[in-house]
Amino acid sequence: MYRLFYSPDACSLATHTVLNLLDQSPQLASVNALDCFAKINPAKQVPALQYGEEVMCEGAAILLYLLNKHENDLLPANGVQRQHAIENIMFANASMHPAYSRLFFINNLELDQETKLILFNAAREHINHLWQVVDQKLRGNAFLGGESVSAADILLAVYSRWGAYFPVDIPLSERIQAMLKNVFALDAFKLALKNEQADQKKHGY
Ligand SMILES: N[C@@H](CCC(=O)N[C@@H](CS)C(=O)NCC(=O)O)C(=O)O
């Protein structure tokens with residue numbers, strides 16, 4: 001059984017959803033409840049995934065490990081479609097995620113509200129540009145990979161929830177909203193949310 005080191009609503013929610021889709025519902029380890037997460041991942045970032053003695057870090061690398069190991073429809077088996085699906089995972093993880101991470105970074109700066117708003121707006125413009133790229137990538141399809149959900153759609157859906165924490169306007173096209181709604185409606189996503197909330201409650205958060 002996998003053990004997933006997670007924070008509620010963080011990018012680890014995407015790893016959790018993918019694990020559920022692979023019928024590998026993980027044992028949960030909330031990093032809020034750990035004193036020594038740095039021993040698991042020196043970067044102190046979720047997700048981290050333990051399997052036996054092995055601990056894996058970096059969300060995209062973990063996803064590729066899981067999708068290579070377990071049979072699934074989330075990553076095409078070969079060819080140019082597989083390459084595009086990997087490209088989309090990397091786009092989500094290495095372009096969209098850092099764009100949203102700036103909002104958290106700005107929020108934690110000790111600056112006056114006016115300066116923070118200027119910075120939030122600059123960060124928001126980049127996020128909005130990247131969502132336009134997603135809209136182009138969808139090319140009229142329900143999901144990035146076509147008509148069935150891919151790992152990249154799940155990553156993007158998790159990040160999309162973070163905008164609500166900040167004073168930023170992030171408009172999403174109807175096509176993107178439909179894609180996100182379909183991800184949020186997945187039983188695997190709902191189960192991941194439910195299990196993380198139950199685990200938090202267990203720890204008194
Ligand atoms: N490159 C890392 C980034 C992960 C990341 O930024 N995780 C955030 C949560 S979404 C985190 O753990 N932040 C806490 C921190 O950076 O201290 C990955 O893709 O796994």
# chains A, B, ... in the order shown; residues from 1 in each chain; ligands from 1
>>> residues_near_ligand(ligand="ligand 1", cutoff="6 Å", atoms="only C-alpha atoms and all ligand atoms", output="list in words")
Ala10, Cys11, Lys44, Gln45, Val46, Pro47, Glu58, Gly59, Ala60 and Asn93 of chain A
>>> closest_atom_pairs(of="segment 20-126 of chain A", to="segment 133-154 of chain A", cutoff="8 Å", atoms="only C-alpha atoms", output="JSON lines")
{"residue": "A:Leu63", "atom": "CA", "partner": "A:Ala151", "partner_atom": "CA", "distance": 7.7}
{"residue": "A:Asp73", "atom": "CA", "partner": "A:Ser150", "partner_atom": "CA", "distance": 7.6}
{"residue": "A:Leu74", "atom": "CA", "partner": "A:Ser150", "partner_atom": "CA", "distance": 4.4}
{"residue": "A:Leu75", "atom": "CA", "partner": "A:Ser150", "partner_atom": "CA", "distance": 6.5}
{"residue": "A:Gln81", "atom": "CA", "partner": "A:Gly145", "partner_atom": "CA", "distance": 7.7}
{"residue": "A:His84", "atom": "CA", "partner": "A:Gly145", "partner_atom": "CA", "distance": 8.0}
{"residue": "A:Ala85", "atom": "CA", "partner": "A:Gly145", "partner_atom": "CA", "distance": 6.4}
{"residue": "A:Asn88", "atom": "CA", "partner": "A:Ala152", "partner_atom": "CA", "distance": 5.6}
{"residue": "A:Ile89", "atom": "CA", "partner": "A:Ala152", "partner_atom": "CA", "distance": 4.6}
{"residue": "A:Ala92", "atom": "CA", "partner": "A:Ala152", "partner_atom": "CA", "distance": 6.1}
>>> select_by_dssp(residues="segment 13-42 of chain A", states="alpha helix (DSSP H)", output="JSON, numbers by chain")
{"A": [13, 14, 15, 16, 17, 18, 19, 20, 21, 37, 38, 39, 40]}
>>> residues_around(residues="Arg124 of chain A", least_positions_apart="2", cutoff="10 Å", atoms="only C-alpha atoms", output="number ranges by chain")
A: 99-100, 102-103, 118-122, 126-130, 163, 166-170
>>> write_last_selection(atoms="C-alpha atoms", output="tab-separated table (two decimals), in the first residue's frame")
chain	number	residue	atom	x	y	z
A	99	ALA	CA	2.31	30.56	-11.45
A	100	TYR	CA	-0.22	29.85	-8.68
A	102	ARG	CA	3.44	33.04	-6.57
A	103	LEU	CA	0.08	33.95	-5.03
A	118	ILE	CA	0.00	45.17	-7.44
A	119	LEU	CA	1.97	41.93	-7.10
A	120	PHE	CA	-1.20	39.79	-7.01
A	121	ASN	CA	-2.33	41.45	-10.25
A	122	ALA	CA	0.98	40.76	-11.96
A	126	HIS	CA	0.47	35.28	-15.95
A	127	ILE	CA	-2.02	32.72	-14.59
A	128	ASN	CA	-4.71	34.05	-16.95
A	129	HIS	CA	-2.33	33.77	-19.88
A	130	LEU	CA	-1.59	30.14	-19.00
A	163	GLY	CA	-7.49	31.29	-6.88
A	166	PHE	CA	-6.71	35.43	-2.96
A	167	PRO	CA	-8.09	38.78	-4.19
A	168	VAL	CA	-7.61	37.91	-7.86
A	169	ASP	CA	-9.98	37.56	-10.78
A	170	ILE	CA	-9.17	34.49	-12.83
>>> select_by_dssp(residues="chain A", states="strand (DSSP E)", output="PyMOL selection string")
chain A and resi 3-6+27-30+48-51+54-57
>>> atom_distance(atom1="atom CA of Trp131 of chain A", atom2="atom CA of Leu156 of chain A")
9.3 Å
>>> residues_around(residues="Lys116 of chain A", least_positions_apart="5", cutoff="9 Å", atoms="only C-alpha atoms", output="list in words")
Ile106, Asn107, Leu109, Glu110, Leu111 and Asn121 of chain A
>>> atom_distance(atom1="atom CA of Val31 of chain A", atom2="atom CA of Leu64 of chain A")
22.7 Å
>>> closest_residue(among="A:Met1, A:Leu34, A:Ala157, A:Ala178", to="Glu54 of chain A", atoms="only C-alpha atoms")
A:Met1
>>> closest_residue(among="A:Gln197, A:Asp23, A:Tyr159, A:Tyr2", to="Ser95 of chain A", atoms="only C-alpha atoms")
A:Tyr159
>>> closest_residue(among="A:Ser30, A:Asn182, A:Ser101, A:Gln200", to="Ala48 of chain A", atoms="only C-alpha atoms")
A:Ser30
